[in-house]
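Listing of upload-v2.cif, mmCIF, C-alpha atoms and all ligand atoms
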data_protein
#
loop_
_atom_site.label_atom_id
_atom_site.label_comp_id
_atom_site.auth_asym_id
_atom_site.auth_seq_id
_atom_site.Cartn_x
_atom_site.Cartn_y
_atom_site.Cartn_z
CA MET A 1 -53.61 34.10 60.11
CA LYS A 2 -55.27 32.51 63.13
CA LEU A 3 -58.04 35.10 63.04
CA LYS A 4 -58.67 34.83 59.29
CA ASN A 5 -61.19 32.05 59.71
CA ASP A 6 -62.19 32.79 63.28
CA LYS A 7 -66.00 32.89 63.59
CA GLN A 8 -66.12 35.61 66.22
CA PHE A 9 -63.68 37.82 64.25
CA LYS A 10 -65.73 37.39 61.09
CA LYS A 11 -68.92 38.23 62.96
CA GLU A 12 -67.45 41.42 64.40
CA LEU A 13 -66.10 42.41 60.97
CA ALA A 14 -69.46 41.80 59.30
CA ASP A 15 -71.14 43.94 61.94
CA LEU A 16 -68.66 46.79 61.36
CA TYR A 17 -69.13 46.56 57.57
CA GLN A 18 -72.88 46.74 57.91
CA ASN A 19 -73.44 49.10 60.80
CA TYR A 20 -70.40 51.37 60.69
CA VAL A 21 -69.21 51.44 57.08
CA GLY A 22 -72.74 51.22 55.68
CA ARG A 23 -72.29 48.13 53.49
CA PRO A 24 -73.37 46.74 51.15
CA SER A 25 -72.54 49.70 48.92
CA VAL A 26 -74.94 50.35 46.05
CA LEU A 27 -74.37 49.04 42.51
CA TYR A 28 -75.75 51.91 40.45
CA PHE A 29 -76.75 51.78 36.80
CA ALA A 30 -75.48 55.03 35.23
CA LYS A 31 -78.34 55.40 32.78
CA LYS A 32 -77.49 58.84 31.41
CA LEU A 33 -73.81 58.07 30.98
CA THR A 34 -74.68 54.80 29.25
CA LYS A 35 -77.06 56.61 26.89
CA LYS A 36 -74.48 59.28 26.10
CA TYR A 37 -71.88 56.73 24.95
CA GLY A 38 -74.45 54.51 23.25
CA GLY A 39 -72.68 51.20 23.88
CA ALA A 40 -72.23 48.87 26.85
CA LYS A 41 -74.17 49.40 30.07
CA ILE A 42 -72.11 51.24 32.67
CA TYR A 43 -72.61 50.33 36.33
CA LEU A 44 -70.85 52.06 39.24
CA LYS A 45 -69.91 50.24 42.43
CA ARG A 46 -70.50 53.08 44.87
CA GLU A 47 -67.61 52.81 47.33
CA ASP A 48 -67.85 56.60 47.56
CA LEU A 49 -70.97 56.10 49.69
CA ASN A 50 -69.07 54.31 52.45
CA HIS A 51 -68.51 56.09 55.76
CA THR A 52 -65.57 58.51 55.24
CA GLY A 53 -66.15 58.48 51.48
CA ALA A 54 -63.93 55.77 49.99
CA HIS A 55 -63.08 52.08 49.91
CA LYS A 56 -60.20 52.66 52.34
CA ILE A 57 -62.46 52.19 55.39
CA ASN A 58 -63.11 48.51 54.44
CA ASN A 59 -59.48 47.82 55.19
CA THR A 60 -59.03 50.08 58.21
CA VAL A 61 -61.98 48.65 60.17
CA GLY A 62 -60.58 45.16 59.53
CA GLN A 63 -57.01 46.02 60.48
CA ALA A 64 -58.08 48.00 63.55
CA LEU A 65 -60.05 44.98 64.72
CA LEU A 66 -56.91 42.89 64.16
CA ALA A 67 -54.82 45.45 66.09
CA GLN A 68 -57.31 45.35 68.96
CA LYS A 69 -57.15 41.54 69.13
CA MET A 70 -53.34 41.82 69.21
CA GLY A 71 -53.59 44.21 72.17
CA LYS A 72 -52.19 47.18 70.23
CA LYS A 73 -52.91 50.72 71.38
CA ARG A 74 -51.13 52.81 68.79
CA LEU A 75 -51.53 52.99 65.00
CA ILE A 76 -48.95 54.23 62.50
CA ALA A 77 -49.97 54.87 58.91
CA GLU A 78 -49.03 56.67 55.71
CA THR A 79 -51.41 58.48 53.42
CA GLY A 80 -51.36 59.97 49.94
CA ALA A 81 -54.73 61.46 49.07
CA GLY A 82 -55.62 61.52 52.74
CA GLN A 83 -58.52 59.08 52.29
CA HIS A 84 -56.60 56.28 53.97
CA GLY A 85 -55.40 58.72 56.64
CA VAL A 86 -58.98 59.78 57.36
CA ALA A 87 -60.08 56.13 57.48
CA VAL A 88 -57.25 55.33 59.95
CA ALA A 89 -57.99 58.37 62.11
CA THR A 90 -61.64 57.30 62.13
CA VAL A 91 -60.98 53.76 63.38
CA ALA A 92 -58.40 55.07 65.88
CA ALA A 93 -61.19 57.17 67.39
CA LEU A 94 -63.62 54.25 67.29
CA PHE A 95 -61.20 51.77 68.86
CA ASP A 96 -59.65 54.22 71.36
CA MET A 97 -56.17 54.10 69.88
CA SER A 98 -53.65 56.86 69.35
CA CYS A 99 -52.54 57.44 65.81
CA ASP A 100 -49.67 59.02 63.85
CA ILE A 101 -50.24 59.60 60.16
CA TYR A 102 -47.35 60.45 57.85
CA MET A 103 -48.20 62.55 54.82
CA GLY A 104 -46.00 64.17 52.16
CA ASN A 105 -45.96 67.96 52.30
CA ARG A 106 -47.06 68.25 48.66
CA ASP A 107 -50.08 66.05 49.37
CA ILE A 108 -50.82 68.08 52.51
CA VAL A 109 -51.27 71.14 50.28
CA ASN A 110 -53.34 69.32 47.61
CA GLN A 111 -55.57 67.49 50.07
CA LYS A 112 -56.05 70.15 52.72
CA MET A 113 -59.61 69.13 53.60
CA ASN A 114 -58.53 65.60 54.52
CA VAL A 115 -55.76 67.00 56.75
CA TYR A 116 -58.38 68.94 58.71
CA ARG A 117 -60.58 65.84 58.92
CA MET A 118 -57.72 63.73 60.33
CA LYS A 119 -56.96 66.42 62.93
CA MET A 120 -60.60 66.72 63.92
CA LEU A 121 -60.70 62.95 64.45
CA GLY A 122 -57.80 63.27 66.89
CA ALA A 123 -54.93 62.04 64.72
CA ASN A 124 -51.44 63.41 64.70
CA VAL A 125 -50.60 64.39 61.09
CA ILE A 126 -46.83 64.40 60.56
CA PRO A 127 -45.58 66.22 57.43
CA VAL A 128 -42.94 64.40 55.38
CA THR A 129 -40.57 66.82 53.69
CA GLN A 130 -38.09 64.41 52.13
CA GLY A 131 -38.13 63.43 48.44
CA GLN A 132 -41.07 64.77 46.47
CA GLY A 133 -43.32 64.98 49.53
CA THR A 134 -45.74 62.39 48.16
CA LEU A 135 -46.96 58.88 49.01
CA LYS A 136 -43.69 56.99 48.46
CA ASP A 137 -41.87 59.33 50.85
CA ALA A 138 -44.66 59.04 53.41
CA VAL A 139 -44.34 55.22 53.29
CA ASP A 140 -40.54 55.47 53.67
CA VAL A 141 -40.82 57.58 56.83
CA ALA A 142 -43.81 55.70 58.29
CA LEU A 143 -42.02 52.35 57.90
CA GLY A 144 -38.97 53.88 59.63
CA ALA A 145 -41.19 55.05 62.52
CA PHE A 146 -42.68 51.57 62.83
CA ILE A 147 -39.24 49.95 62.95
CA ASN A 148 -38.42 52.25 65.89
CA ASP A 149 -41.68 51.41 67.64
CA PRO A 150 -42.51 47.75 67.01
CA GLU A 151 -45.16 47.87 69.74
CA ALA A 152 -47.27 50.03 67.44
CA PHE A 153 -49.46 48.55 64.66
CA TYR A 154 -48.60 49.58 61.11
CA LEU A 155 -51.90 50.05 59.32
CA ILE A 156 -50.93 50.03 55.65
CA GLY A 157 -53.35 51.56 53.17
CA SER A 158 -53.01 49.43 50.07
CA VAL A 159 -52.11 45.96 48.82
CA VAL A 160 -48.40 46.73 49.16
CA GLY A 161 -45.58 46.24 51.68
CA PRO A 162 -43.94 43.07 52.98
CA HIS A 163 -45.84 39.77 53.14
CA PRO A 164 -48.48 39.23 54.46
CA LEU A 165 -49.68 42.86 54.29
CA PRO A 166 -50.82 42.75 50.62
CA MET A 167 -52.91 39.65 51.38
CA ILE A 168 -54.39 41.13 54.55
CA VAL A 169 -55.48 44.30 52.76
CA ARG A 170 -56.86 42.32 49.81
CA ASP A 171 -58.85 40.10 52.16
CA PHE A 172 -60.45 43.12 53.82
CA GLN A 173 -61.22 44.70 50.42
CA LYS A 174 -62.57 41.61 48.65
CA ILE A 175 -66.03 42.40 50.07
CA ILE A 176 -66.34 44.84 47.11
CA GLY A 177 -66.22 42.05 44.51
CA LYS A 178 -68.32 39.65 46.58
CA GLU A 179 -71.14 42.15 46.80
CA THR A 180 -70.75 43.13 43.15
CA ARG A 181 -71.21 39.53 42.01
CA LYS A 182 -74.47 39.15 43.96
CA GLN A 183 -75.78 42.54 42.89
CA ILE A 184 -75.13 42.18 39.16
CA LEU A 185 -76.53 38.65 39.09
CA LYS A 186 -79.68 39.98 40.74
CA VAL A 187 -80.30 42.77 38.21
CA GLU A 188 -78.80 41.33 35.00
CA SER A 189 -78.78 37.57 35.66
CA LYS A 190 -75.26 37.37 34.27
CA LEU A 191 -71.72 38.33 35.17
CA PRO A 192 -70.20 41.57 33.84
CA ASN A 193 -67.97 41.59 30.75
CA TYR A 194 -65.54 44.10 32.24
CA LEU A 195 -64.48 45.22 35.69
CA VAL A 196 -62.60 48.52 35.64
CA ALA A 197 -60.66 50.04 38.54
CA CYS A 198 -58.01 52.71 39.00
CA VAL A 199 -54.68 51.57 40.41
CA GLY A 200 -52.47 53.34 42.89
CA GLY A 201 -51.15 50.56 45.13
CA GLY A 202 -54.07 48.49 43.90
CA SER A 203 -56.41 47.87 46.84
CA ASN A 204 -59.70 48.95 45.27
CA ALA A 205 -58.76 47.03 42.12
CA MET A 206 -57.85 43.82 43.98
CA GLY A 207 -60.96 44.24 46.14
CA LEU A 208 -63.20 44.35 43.07
CA PHE A 209 -61.29 41.77 40.99
CA TYR A 210 -60.54 39.05 43.53
CA ASP A 211 -63.84 37.23 43.39
CA PHE A 212 -63.72 37.15 39.57
CA ILE A 213 -60.13 36.10 38.88
CA ASP A 214 -61.14 32.60 37.78
CA GLU A 215 -64.05 33.77 35.61
CA SER A 216 -62.60 33.66 32.12
CA GLU A 217 -65.44 35.70 30.59
CA VAL A 218 -64.87 38.64 32.97
CA LYS A 219 -62.08 40.95 31.82
CA LEU A 220 -60.18 42.75 34.55
CA VAL A 221 -58.97 46.23 33.59
CA ALA A 222 -56.43 48.18 35.64
CA VAL A 223 -56.32 51.90 34.87
CA GLU A 224 -53.03 53.52 35.83
CA PRO A 225 -52.31 57.25 36.02
CA ALA A 226 -50.77 58.42 32.75
CA GLY A 227 -50.28 61.87 34.35
CA GLU A 228 -49.09 64.32 31.70
CA GLY A 229 -48.79 61.53 29.13
CA ALA A 230 -47.36 58.02 28.75
CA ASN A 231 -44.54 59.41 26.63
CA THR A 232 -43.45 61.99 29.20
CA THR A 233 -41.55 61.30 32.42
CA LYS A 234 -44.54 62.50 34.47
CA HIS A 235 -46.73 59.46 35.02
CA GLY A 236 -47.28 56.54 37.39
CA LEU A 237 -47.49 53.67 34.89
CA ALA A 238 -45.82 51.06 37.10
CA LEU A 239 -47.59 48.03 35.61
CA LYS A 240 -47.30 49.22 32.03
CA LYS A 241 -43.79 50.64 32.03
CA GLY A 242 -42.13 49.28 35.17
CA ARG A 243 -39.69 46.38 35.44
CA PRO A 244 -39.52 43.86 38.29
CA GLY A 245 -37.88 45.47 41.30
CA VAL A 246 -38.16 45.82 45.05
CA ILE A 247 -39.74 48.70 46.98
CA HIS A 248 -40.95 48.91 50.59
CA GLY A 249 -40.23 45.23 51.18
CA PHE A 250 -42.00 43.66 48.19
CA LYS A 251 -41.35 42.81 44.55
CA CYS A 252 -43.47 44.27 41.78
CA ASN A 253 -43.44 46.15 38.50
CA LEU A 254 -41.51 49.23 39.49
CA LEU A 255 -40.61 52.48 37.74
CA GLN A 256 -36.83 52.50 37.72
CA ASP A 257 -33.89 53.67 35.63
CA LYS A 258 -31.45 51.31 33.91
CA ASP A 259 -29.33 51.10 37.09
CA GLY A 260 -32.31 50.11 39.23
CA ASN A 261 -32.79 53.50 40.93
CA ILE A 262 -36.47 54.09 41.66
CA LEU A 263 -37.90 56.81 39.44
CA GLU A 264 -40.25 59.52 40.63
CA SER A 265 -43.88 58.85 39.82
CA TYR A 266 -46.42 61.53 39.10
CA SER A 267 -50.20 61.94 39.02
CA ALA A 268 -52.48 64.87 39.76
CA ALA A 269 -54.39 62.31 41.84
CA SER A 270 -52.31 61.96 45.02
CA GLY A 271 -53.72 58.50 45.75
CA LEU A 272 -52.33 57.13 42.46
CA ASP A 273 -48.90 58.72 42.73
CA TYR A 274 -46.73 55.69 43.58
CA PRO A 275 -43.83 54.18 41.57
CA GLY A 276 -44.76 50.56 42.38
CA VAL A 277 -47.93 48.50 42.48
CA GLY A 278 -49.28 45.59 44.52
CA PRO A 279 -47.41 42.31 43.90
CA GLU A 280 -50.60 40.36 43.17
CA LEU A 281 -51.55 42.79 40.39
CA SER A 282 -48.05 42.43 38.93
CA SER A 283 -48.51 38.69 39.02
CA LEU A 284 -51.99 38.85 37.39
CA LYS A 285 -50.47 40.93 34.62
CA GLU A 286 -47.68 38.42 34.11
CA LEU A 287 -50.24 35.60 33.96
CA GLY A 288 -52.14 37.48 31.21
CA LYS A 289 -55.20 37.94 33.43
CA LEU A 290 -55.09 41.71 33.59
CA ARG A 291 -55.52 44.40 30.96
CA VAL A 292 -53.42 47.41 31.78
CA VAL A 293 -54.32 50.83 30.41
CA GLY A 294 -53.76 54.46 31.39
CA ALA A 295 -55.72 57.68 31.74
CA THR A 296 -54.09 61.12 31.85
CA ASP A 297 -54.72 63.89 34.38
CA LYS A 298 -56.71 65.76 31.77
CA GLU A 299 -58.87 62.75 30.89
CA ALA A 300 -59.53 62.12 34.58
CA VAL A 301 -60.52 65.72 35.27
CA ALA A 302 -62.87 65.65 32.26
CA ALA A 303 -64.41 62.37 33.49
CA MET A 304 -64.82 63.82 37.00
CA ILE A 305 -66.72 66.81 35.65
CA GLU A 306 -68.73 64.65 33.27
CA LEU A 307 -69.99 62.25 35.95
CA SER A 308 -70.87 65.21 38.18
CA LYS A 309 -72.91 66.88 35.43
CA GLU A 310 -74.48 63.71 33.96
CA GLU A 311 -75.32 61.70 37.06
CA GLY A 312 -75.01 64.17 39.96
CA ILE A 313 -72.14 62.16 41.46
CA ILE A 314 -68.79 63.86 42.16
CA PRO A 315 -66.14 61.12 42.03
CA ALA A 316 -62.63 61.24 43.49
CA LEU A 317 -60.00 62.22 40.94
CA GLU A 318 -58.48 58.74 41.44
CA SER A 319 -61.76 56.99 40.57
CA ALA A 320 -62.24 59.33 37.61
CA HIS A 321 -59.26 57.62 35.93
CA ALA A 322 -61.26 54.39 35.81
CA LEU A 323 -64.31 56.26 34.52
CA ALA A 324 -62.32 58.00 31.79
CA TYR A 325 -61.29 54.65 30.36
CA ALA A 326 -64.64 52.93 30.94
CA THR A 327 -66.63 55.47 28.92
CA LYS A 328 -64.24 55.16 25.96
CA LEU A 329 -64.52 51.39 26.20
CA ALA A 330 -68.33 51.47 26.48
CA ALA A 331 -68.63 53.43 23.25
CA LYS A 332 -66.93 50.57 21.35
CA LEU A 333 -69.02 47.73 22.79
CA PRO A 334 -72.49 46.39 21.95
CA ASN A 335 -75.47 47.35 24.16
CA GLU A 336 -75.78 43.93 25.80
CA GLU A 337 -72.31 44.08 27.33
CA ILE A 338 -71.78 45.25 30.92
CA ILE A 339 -68.98 47.31 32.41
CA ILE A 340 -68.68 47.78 36.16
CA VAL A 341 -66.50 50.66 37.32
CA ASN A 342 -65.25 50.83 40.87
CA LEU A 343 -66.15 54.30 42.07
CA SER A 344 -63.53 54.07 44.79
CA GLY A 345 -64.21 57.41 46.45
CA ARG A 346 -66.03 60.69 46.44
CA GLY A 347 -64.51 63.86 45.07
CA ASP A 348 -65.10 66.51 47.72
CA LYS A 349 -61.40 66.40 48.60
CA ASP A 350 -60.45 67.26 44.99
CA VAL A 351 -62.93 69.96 44.08
CA GLU A 352 -60.78 72.90 45.24
CA ASN A 353 -57.62 71.57 43.56
CA VAL A 354 -59.49 70.96 40.30
CA TYR A 355 -60.85 74.51 40.16
CA GLU A 356 -57.70 76.21 41.51
CA ASN A 357 -55.04 74.27 39.61
CA LEU A 358 -56.27 71.75 37.09
CA ILE A 359 -58.73 73.58 34.87
CA ASN A 360 -59.01 77.08 33.47
CA ASN A 361 -62.15 78.62 34.92
C1 LIG B 401 -60.54 57.39 46.32
C2 LIG B 401 -59.29 56.63 46.08
N1 LIG B 401 -59.27 55.72 45.07
C3 LIG B 401 -58.16 55.00 44.80
C4 LIG B 401 -57.00 55.18 45.53
C5 LIG B 401 -55.80 54.36 45.17
O1 LIG B 401 -55.50 53.39 46.10
P1 LIG B 401 -55.64 51.85 45.75
O2 LIG B 401 -54.97 51.62 44.43
O3 LIG B 401 -54.99 51.17 46.88
O4 LIG B 401 -57.10 51.55 45.67
C6 LIG B 401 -56.97 56.10 46.60
C7 LIG B 401 -55.77 56.29 47.40
O5 LIG B 401 -55.65 57.14 48.21
C8 LIG B 401 -58.15 56.84 46.86
O6 LIG B 401 -58.18 57.75 47.85
#
Would you give me this structure, written as structure tokens?
Amino acid sequence: MKLKNDKQFKKELADLYQNYVGRPSVLYFAKKLTKKYGGAKIYLKREDLNHTGAHKINNTVGQALLAQKMGKKRLIAETGAGQHGVAVATVAALFDMSCDIYMGNRDIVNQKMNVYRMKMLGANVIPVTQGQGTLKDAVDVALGAFINDPEAFYLIGSVVGPHPLPMIVRDFQKIIGKETRKQILKVESKLPNYLVACVGGGSNAMGLFYDFIDESEVKLVAVEPAGEGANTTKHGLALKKGRPGVIHGFKCNLLQDKDGNILESYSAASGLDYPGVGPELSSLKELGKLRVVGATDKEAVAAMIELSKEEGIIPALESAHALAYATKLAAKLPNEEIIIVNLSGRGDKDVENVYENLINN
């Protein structure tokens, strides 16, 4: 809290954003996609162009700087899709810290390339075999490891966990929305009508939305993973279908049975496969400030392929959920309206899984 408004800290963070992460990230007008759907203009906030290929690095450079100021030498983290793990391993190398990254064994198989990247960066990748071997289980074990080693710094990857972690992560991600505001005002001289982001824990969504929460004309749209369908048991629709509950030290909309046992979540996109969601997003929903929708695995894969073929940009499967909804929405809106989609990451990590498991060649 002391460092939040510290001039020197802010200066060092700004330098890392600019010279290490490569910010500001581009706001790209997707002309061909817009033409194809014939409605609202579709812009993409290109977080995929950041160093390491996703928005996750915005948070890890900030938290690593915080860890350094606290005199910490060891980082502990969890990862789902491996993007956060790669971003942690990267800052551990940069800041000369050791690092243990917990990852579910199912995710290790689906996100092999990111496992190799973490190892190359010098991180210790620890497989988590309990539960389903996905993100929730990785958080369970990583939190346990942190409790046994309080001298380490727990570098959480989304706007989740006990207070003040969701606020810390949001504050390091809000650069996305700040830049977006400036960029859209420059090219369109008005604010967007819609901001659309996929939601796992919710960090890329909160990062994009935060600067616009009080703008009543800007609609905030959270796209959750509908997996194999909202009417099946295989989805991760925490905001849409969850009830208030507690997970990993915070209260949120949570997928649970009638007795309060946490239900398994599911998404083909490892980074969205989590039964809860950030508490601030839950609160925005309750306040009526958030539209909550879903996109299925199939819709996301189709959107991933479509953006690749139309615009020459391969998005992460997570980000493709936001795209899948945004294109449907664009088709229904007049030409003068503007939709900005958070392209939270690039899709290299997903290409093999898509061709091997998710589509018929
Ligand atoms: C590219 C990408 N987008 C989105 C997410 C979801 O995380 P969050 O909801 O915290 O943005 C992940 C998580 O791993 C990711 O890798």
Separating CA of Asp6 (chain A) from CA of Ile156 (chain A), to the nearest tenth of an Å, is a gap of 22.0 Å
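In terms of minimum interatomic distance to ligand LIG 401 (chain B), A:Leu343 ranks closest within A:Cys99, A:Leu343, A:Ala77, A:Ala295, counting all atoms listed in the file.
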From the list A:His248, A:Arg181, A:His55, A:Lys112, the nearest residue to ligand LIG 401 (chain B) using all atoms listed in the file is A:His55
Closest to Gly345 (chain A) among A:Lys219, A:Lys35, A:Lys328, A:His321, using only C-alpha atoms?
->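 Between A:Lys219, A:Lys35, A:Lys328, A:His321, the residue approaching Gly345 (chain A) most closely is A:His321.
Using only C-alpha atoms, the shortest contact distance between Asn357 (chain A) and any of A:Ala268, A:Ala92, A:Thr134, A:Tyr116 is found at A:Ala268.
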Return the single residue from A:Ala142, A:Ala81, A:Leu255, A:Val160 that is closest to Ile126 (chain A), with distances computed using only C-alpha atoms.
->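 Of all the options, A:Ala142 lies closest to Ile126 (chain A).
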Could you tell me, counting all atoms listed in the file, which protein and nucleic acid residues lie no more than 8 Å from ligand LIG 401 (chain B), written as a PDB file with C-alpha atoms, in the frame of the given file?
ATOM      1  CA  ASP A  48     -67.850  56.600  47.560  1.00  0.00           C
ATOM      2  CA  GLY A  53     -66.150  58.480  51.480  1.00  0.00           C
ATOM      3  CA  ALA A  54     -63.930  55.770  49.990  1.00  0.00           C
ATOM      4  CA  HIS A  55     -63.080  52.080  49.910  1.00  0.00           C
ATOM      5  CA  LYS A  56     -60.200  52.660  52.340  1.00  0.00           C
ATOM      6  CA  THR A  79     -51.410  58.480  53.420  1.00  0.00           C
ATOM      7  CA  GLY A  80     -51.360  59.970  49.940  1.00  0.00           C
ATOM      8  CA  ALA A  81     -54.730  61.460  49.070  1.00  0.00           C
ATOM      9  CA  GLY A  82     -55.620  61.520  52.740  1.00  0.00           C
ATOM     10  CA  GLN A  83     -58.520  59.080  52.290  1.00  0.00           C
ATOM     11  CA  HIS A  84     -56.600  56.280  53.970  1.00  0.00           C
ATOM     12  CA  GLY A 157     -53.350  51.560  53.170  1.00  0.00           C
ATOM     13  CA  SER A 158     -53.010  49.430  50.070  1.00  0.00           C
ATOM     14  CA  VAL A 159     -52.110  45.960  48.820  1.00  0.00           C
ATOM     15  CA  CYS A 198     -58.010  52.710  39.000  1.00  0.00           C
ATOM     16  CA  VAL A 199     -54.680  51.570  40.410  1.00  0.00           C
ATOM     17  CA  GLY A 200     -52.470  53.340  42.890  1.00  0.00           C
ATOM     18  CA  GLY A 201     -51.150  50.560  45.130  1.00  0.00           C
ATOM     19  CA  GLY A 202     -54.070  48.490  43.900  1.00  0.00           C
ATOM     20  CA  SER A 203     -56.410  47.870  46.840  1.00  0.00           C
ATOM     21  CA  ASN A 204     -59.700  48.950  45.270  1.00  0.00           C
ATOM     22  CA  ALA A 205     -58.760  47.030  42.120  1.00  0.00           C
ATOM     23  CA  MET A 206     -57.850  43.820  43.980  1.00  0.00           C
ATOM     24  CA  SER A 270     -52.310  61.960  45.020  1.00  0.00           C
ATOM     25  CA  GLY A 271     -53.720  58.500  45.750  1.00  0.00           C
ATOM     26  CA  LEU A 272     -52.330  57.130  42.460  1.00  0.00           C
ATOM     27  CA  VAL A 277     -47.930  48.500  42.480  1.00  0.00           C
ATOM     28  CA  PRO A 315     -66.140  61.120  42.030  1.00  0.00           C
ATOM     29  CA  ALA A 316     -62.630  61.240  43.490  1.00  0.00           C
ATOM     30  CA  LEU A 317     -60.000  62.220  40.940  1.00  0.00           C
ATOM     31  CA  GLU A 318     -58.480  58.740  41.440  1.00  0.00           C
ATOM     32  CA  SER A 319     -61.760  56.990  40.570  1.00  0.00           C
ATOM     33  CA  LEU A 343     -66.150  54.300  42.070  1.00  0.00           C
ATOM     34  CA  SER A 344     -63.530  54.070  44.790  1.00  0.00           C
ATOM     35  CA  GLY A 345     -64.210  57.410  46.450  1.00  0.00           C
ATOM     36  CA  ARG A 346     -66.030  60.690  46.440  1.00  0.00           C
ATOM     37  CA  GLY A 347     -64.510  63.860  45.070  1.00  0.00           C
TER      38      GLY A 347
END
Within 12 Å of Thr34 (chain A) using all atoms listed in the file, minus same-chain residues under 3 positions, as a PyMOL selection string | chain A and resi 28-31+37-44+307+310-311+323+326-340
Identify, on the basis of only C-alpha atoms, every residue whose closest approach to Leu263 (chain A) does not exceed 9 Å; exclude the query and any residue fewer than 4 positions from it along the same chain; express the result as a count of residues only.
-> 5
